[in-house]
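Participant: To start, I am sharing the structure in question, which I have written as structure tokens.
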Amino acid sequence: MEPRVVHVVRHGQVHNPDGVLYGRAPGYGLSDLGRQMAERLGEYFADAPLVHLVSSPLQRAQETMAPIAARHPDLEVHIDDRVIEAANVFEGKSFGKRNEILLRPSSWWSLRNPLRPSWGEAYTSIVARMRTALADAASHAIDGEALIVSHELPIWMARSWAERRPLVHDPRRRQARLASVTTFTYSGTHLVRVDYAEPCADLVPPKVKKFRPGA
């Protein structure tokens with residue numbers, strides 16, 4: 001049985017000078033560097049045998065998809081809410097240089113259960129929607145490959161599920177950098193392999209030691 005390949009791309013860098021946790025908020029597009037990353041991804045996938053394109057509805061994802069789709073003009077880009085960013089109660093807020101917002105008593109109730117997590121969409125919910133989106137994309141990858149543009153946490157949850165990792169994790173240890181490619185390979189309906197690549201590794205700013213949402 002021929003393998004079915006689904007590439008899941010994280011969007012490029014977002015223009016966010018105020019360090020806001022933008023989440024699902026509208027109006028957050030790519031920065032100049034992010035557009036450079038998107039162009040690099042377009043080149044990376046220019047000769048790939050793509051037959052199915054899917055994007056999160058958010059602006060940054062669609063802008064990342066644009067150079068890829070431009071090199072495959074016969075393909076329609078399908079918008080899929082299942083690959084959207086995770087919901088978060090802190091959306092629209094800036095955490096500050098030292099994550100000061102987390103020290104406010106008004107935030108403590110939202111931080112009460114890191115296992116779910118209580119500040120946003122449950123990890124199990126993210127996995128469930130990403131699993132179905134991946135399976136649907138794989139069903140279209142019969143004579144070629146599928147590609148999805150999504151977001152860091154949904155990508156990491158899908159990979160954690162696939163590799164049987166715990167869903168509860170340290171955000172600093174996610175391997176889903178900007179403009180990275182996580183590839184899921186299916187044999188029929190069975191997921192058999194996960195690969196990871198960073199076509200824009202030289203463009204990605206170095207990681208900071210302290211995790212800052214929105215950075």
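Each chain in the structure tokens gets a letter, A, B, ..., in the order shown, and its residues are numbered from 1; ligands are numbered from 1 in order too.
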Name the residues of segment 26-193 of chain A that fall into helix (DSSP H, G or I) according to DSSP on the backbone, using the chain letters and numbers of this document, as an MDAnalysis selection string.
Facilitator: chainID A and resid 32:44 59:70 81:83 100:103 105:111 123:140 152:162 171:173
Participant: Would you write out those residues with C-alpha atoms, as a PDB file, in the first residue's frame?
Facilitator:
ATOM      1  CA  ASP A  32       8.846  41.152   7.091  1.00  0.00           C
ATOM      2  CA  LEU A  33      10.875  38.215   8.380  1.00  0.00           C
ATOM      3  CA  GLY A  34       7.738  36.066   8.417  1.00  0.00           C
ATOM      4  CA  ARG A  35       7.098  36.839   4.757  1.00  0.00           C
ATOM      5  CA  GLN A  36      10.693  35.860   4.007  1.00  0.00           C
ATOM      6  CA  MET A  37      10.053  32.569   5.784  1.00  0.00           C
ATOM      7  CA  ALA A  38       6.882  32.047   3.756  1.00  0.00           C
ATOM      8  CA  GLU A  39       8.767  32.619   0.507  1.00  0.00           C
ATOM      9  CA  ARG A  40      11.384  30.100   1.620  1.00  0.00           C
ATOM     10  CA  LEU A  41       8.616  27.577   2.271  1.00  0.00           C
ATOM     11  CA  GLY A  42       7.227  28.260  -1.183  1.00  0.00           C
ATOM     12  CA  GLU A  43      10.614  27.373  -2.647  1.00  0.00           C
ATOM     13  CA  TYR A  44      10.947  24.332  -0.388  1.00  0.00           C
ATOM     14  CA  GLN A  59      -4.354  35.574   8.687  1.00  0.00           C
ATOM     15  CA  ARG A  60      -0.821  34.488   9.534  1.00  0.00           C
ATOM     16  CA  ALA A  61      -1.520  30.951   8.359  1.00  0.00           C
ATOM     17  CA  GLN A  62      -3.090  32.032   5.086  1.00  0.00           C
ATOM     18  CA  GLU A  63      -0.207  34.436   4.402  1.00  0.00           C
ATOM     19  CA  THR A  64       2.239  31.583   5.004  1.00  0.00           C
ATOM     20  CA  MET A  65       0.292  29.368   2.633  1.00  0.00           C
ATOM     21  CA  ALA A  66       0.191  31.975  -0.161  1.00  0.00           C
ATOM     22  CA  PRO A  67       3.712  31.410  -1.640  1.00  0.00           C
ATOM     23  CA  ILE A  68       3.215  27.648  -1.457  1.00  0.00           C
ATOM     24  CA  ALA A  69      -0.147  27.840  -3.216  1.00  0.00           C
ATOM     25  CA  ALA A  70       1.282  30.231  -5.826  1.00  0.00           C
ATOM     26  CA  ASP A  81     -11.263  25.468  11.485  1.00  0.00           C
ATOM     27  CA  ARG A  82      -9.951  22.223  12.968  1.00  0.00           C
ATOM     28  CA  VAL A  83      -6.339  23.328  12.496  1.00  0.00           C
ATOM     29  CA  GLU A 100       3.914  39.807  35.177  1.00  0.00           C
ATOM     30  CA  ILE A 101       0.307  39.033  34.246  1.00  0.00           C
ATOM     31  CA  LEU A 102       0.690  35.562  35.733  1.00  0.00           C
ATOM     32  CA  LEU A 103       1.447  37.069  39.149  1.00  0.00           C
ATOM     33  CA  PRO A 105      -4.453  37.364  41.673  1.00  0.00           C
ATOM     34  CA  SER A 106      -7.053  37.851  38.934  1.00  0.00           C
ATOM     35  CA  SER A 107      -5.131  35.330  36.805  1.00  0.00           C
ATOM     36  CA  TRP A 108      -4.754  32.610  39.399  1.00  0.00           C
ATOM     37  CA  TRP A 109      -8.099  30.883  38.801  1.00  0.00           C
ATOM     38  CA  SER A 110      -7.214  30.435  35.145  1.00  0.00           C
ATOM     39  CA  LEU A 111      -3.902  28.846  36.153  1.00  0.00           C
ATOM     40  CA  TYR A 123      -5.120  19.339  25.191  1.00  0.00           C
ATOM     41  CA  THR A 124      -7.372  16.343  24.474  1.00  0.00           C
ATOM     42  CA  SER A 125      -9.706  18.597  22.472  1.00  0.00           C
ATOM     43  CA  ILE A 126      -6.818  19.896  20.365  1.00  0.00           C
ATOM     44  CA  VAL A 127      -5.641  16.352  19.674  1.00  0.00           C
ATOM     45  CA  ALA A 128      -9.131  15.229  18.666  1.00  0.00           C
ATOM     46  CA  ARG A 129      -9.621  17.968  16.072  1.00  0.00           C
ATOM     47  CA  MET A 130      -6.085  17.677  14.702  1.00  0.00           C
ATOM     48  CA  ARG A 131      -6.403  13.889  14.362  1.00  0.00           C
ATOM     49  CA  THR A 132      -9.530  14.209  12.240  1.00  0.00           C
ATOM     50  CA  ALA A 133      -8.018  17.018  10.144  1.00  0.00           C
ATOM     51  CA  LEU A 134      -4.888  14.938   9.519  1.00  0.00           C
ATOM     52  CA  ALA A 135      -6.905  11.863   8.616  1.00  0.00           C
ATOM     53  CA  ASP A 136      -9.041  13.859   6.190  1.00  0.00           C
ATOM     54  CA  ALA A 137      -5.959  15.372   4.565  1.00  0.00           C
ATOM     55  CA  ALA A 138      -4.372  11.923   4.287  1.00  0.00           C
ATOM     56  CA  SER A 139      -7.490  10.632   2.537  1.00  0.00           C
ATOM     57  CA  HIS A 140      -6.850  13.193  -0.224  1.00  0.00           C
ATOM     58  CA  GLU A 152       2.598  25.665  17.219  1.00  0.00           C
ATOM     59  CA  LEU A 153       0.463  24.122  19.960  1.00  0.00           C
ATOM     60  CA  PRO A 154      -1.901  22.172  17.674  1.00  0.00           C
ATOM     61  CA  ILE A 155       1.086  20.827  15.746  1.00  0.00           C
ATOM     62  CA  TRP A 156       2.887  19.806  18.931  1.00  0.00           C
ATOM     63  CA  MET A 157      -0.254  18.158  20.329  1.00  0.00           C
ATOM     64  CA  ALA A 158      -0.674  16.147  17.122  1.00  0.00           C
ATOM     65  CA  ARG A 159       2.944  15.051  17.223  1.00  0.00           C
ATOM     66  CA  SER A 160       2.781  14.254  20.935  1.00  0.00           C
ATOM     67  CA  TRP A 161      -0.247  12.046  20.304  1.00  0.00           C
ATOM     68  CA  ALA A 162       1.440  10.381  17.325  1.00  0.00           C
ATOM     69  CA  PRO A 171       6.266  24.965  26.212  1.00  0.00           C
ATOM     70  CA  ARG A 172       9.989  25.716  25.922  1.00  0.00           C
ATOM     71  CA  ARG A 173      10.596  22.130  24.818  1.00  0.00           C
TER      72      ARG A 173
END
Participant: Env of Arg177 of chain A: 10 Å cut, atoms = only C-alpha atoms, seq-sep filter 6 positions within chain, self excluded. Answer as a PyMOL selection string.
Facilitator: chain A and resi 9-13+151-152+156+197-198+200-201+204-205+207
Participant: May I ask which of the residues A:Val168, A:Val20, A:Gln175, A:Thr189 is the closest one to Ser94 of chain A, counting only C-alpha atoms?
Facilitator: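 Counting only C-alpha atoms, the residue closest to Ser94 of chain A is A:Val20.
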Participant: Could you work out how far atom CA of Arg116 of chain A lies from atom CA of Gly19 of chain A, giving the answer in Å with one decimal?
Facilitator: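 For atom CA of Gly19 of chain A relative to atom CA of Arg116 of chain A, the distance reads 24.6 Å.
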Participant: What does the distance from atom CA of Arg164 of chain A to atom CA of Ser56 of chain A come to in Å, to one decimal?
Facilitator: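 Pair atom CA of Arg164 of chain A / atom CA of Ser56 of chain A returns 24.6 Å.
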Participant: Do a neighbour search on Pro49 of chain A at 9 Å with only C-alpha atoms, toss out local chain neighbours closer than 6 positions, and write the hits as a VMD selection string.
Facilitator: chain A and resid 143 to 146
Participant: Would you mind exporting N, CA, C and O atoms of the selected residues as a PDB file, in the first residue's frame?
Facilitator:
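The result, written out as result.pdb:
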ATOM      1  N   ASP A 143      -2.567  10.332  -4.815  1.00  0.00           N
ATOM      2  CA  ASP A 143      -1.566  10.375  -5.885  1.00  0.00           C
ATOM      3  C   ASP A 143      -0.554  11.495  -5.659  1.00  0.00           C
ATOM      4  O   ASP A 143       0.047  12.009  -6.604  1.00  0.00           O
ATOM      5  N   GLY A 144      -0.384  11.888  -4.419  1.00  0.00           N
ATOM      6  CA  GLY A 144       0.536  12.964  -4.079  1.00  0.00           C
ATOM      7  C   GLY A 144       0.496  13.205  -2.585  1.00  0.00           C
ATOM      8  O   GLY A 144       0.101  12.331  -1.808  1.00  0.00           O
ATOM      9  N   GLU A 145       0.873  14.408  -2.183  1.00  0.00           N
ATOM     10  CA  GLU A 145       0.994  14.732  -0.763  1.00  0.00           C
ATOM     11  C   GLU A 145       0.071  15.893  -0.393  1.00  0.00           C
ATOM     12  O   GLU A 145      -0.242  16.747  -1.226  1.00  0.00           O
ATOM     13  N   ALA A 146      -0.348  15.909   0.858  1.00  0.00           N
ATOM     14  CA  ALA A 146      -1.181  16.991   1.382  1.00  0.00           C
ATOM     15  C   ALA A 146      -0.336  17.917   2.243  1.00  0.00           C
ATOM     16  O   ALA A 146       0.694  17.503   2.799  1.00  0.00           O
TER      17      ALA A 146
END
Participant: Can you work out which one of A:Glu91, A:Ile142, A:Leu53, A:Asp170 has the shortest atom-to-atom distance to Tyr186 of chain A, counting only C-alpha atoms?
Facilitator: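 For Tyr186 of chain A, the nearest of the candidates is A:Ile142.
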Participant: Any idea what the distance is between atom CA of Ala46 of chain A and atom CA of Arg71 of chain A?
Facilitator: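 Interatomic distance, atom CA of Ala46 of chain A to atom CA of Arg71 of chain A: 5.7 Å.
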Participant: What lies within 10 Å of Asp80 of chain A using only C-alpha atoms, ignoring chain neighbours under 3 positions off, as a PDB file with C-alpha atoms, in the first residue's frame?
Facilitator:
ATOM      1  CA  VAL A  54      -5.368  23.202   3.845  1.00  0.00           C
ATOM      2  CA  SER A  55      -4.964  26.333   5.970  1.00  0.00           C
ATOM      3  CA  SER A  56      -6.076  27.560   9.335  1.00  0.00           C
ATOM      4  CA  PRO A  57      -8.492  30.483   8.885  1.00  0.00           C
ATOM      5  CA  LEU A  58      -6.148  32.882  10.686  1.00  0.00           C
ATOM      6  CA  VAL A  77      -6.655  26.194  -0.549  1.00  0.00           C
ATOM      7  CA  VAL A  83      -6.339  23.328  12.496  1.00  0.00           C
ATOM      8  CA  ILE A  84      -6.830  26.762  14.094  1.00  0.00           C
ATOM      9  CA  ALA A 133      -8.018  17.018  10.144  1.00  0.00           C
ATOM     10  CA  ILE A 148      -1.637  21.954   6.133  1.00  0.00           C
ATOM     11  CA  VAL A 149      -0.601  25.321   7.605  1.00  0.00           C
ATOM     12  CA  SER A 150      -1.380  25.430  11.322  1.00  0.00           C
TER      13      SER A 150
END
Participant: I need the strand (DSSP E or B) residues of chain A per DSSP on the backbone, written as JSON, numbers by chain.
Facilitator: {"A": [3, 4, 5, 6, 7, 8, 9, 10, 14, 20, 30, 50, 51, 52, 53, 54, 55, 77, 78, 79, 88, 94, 120, 145, 146, 147, 148, 149, 150, 181, 182, 183, 184, 185, 186, 187, 190, 191, 192, 193, 194, 195, 196, 197]}
Participant: Residues at most 8 Å from Trp119 of chain A, counting only C-alpha atoms, excluding those fewer than 5 positions away in the same chain, as a ChimeraX atom specification?
Facilitator: /A:88-90,110-111,113-114
Participant: Any chance you can output those residues with C-alpha atoms as a CSV table (one decimal), in the first residue's frame?
Facilitator:
chain,number,residue,atom,x,y,z
A,88,ASN,CA,-6.8,30.9,25.4
A,89,VAL,CA,-8.4,33.1,28.1
A,90,PHE,CA,-5.4,35.4,28.0
A,110,SER,CA,-7.2,30.4,35.1
A,111,LEU,CA,-3.9,28.8,36.2
A,113,ASN,CA,-5.0,23.2,36.5
A,114,PRO,CA,-2.0,23.0,34.2
Participant: Which residue, A:Leu203, A:Val192, A:Leu167, A:Leu147, has the smallest gap to His7 of chain A when you use only C-alpha atoms?
Facilitator: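 Answer, going by the shortest atom-to-atom distance: A:Leu147.
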Participant: Select, from A:Leu178, A:Leu21, A:Val6, A:Leu50, the residue with the minimum atom-to-atom distance to Pro73 of chain A, counting only C-alpha atoms.
Facilitator: A:Leu50
Participant: Between A:Ala122, A:Ala179, A:Leu115, A:Val194, which has the minimum distance to Val14 of chain A (counting only C-alpha atoms)?
Facilitator: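 Closest candidate: A:Ala179.
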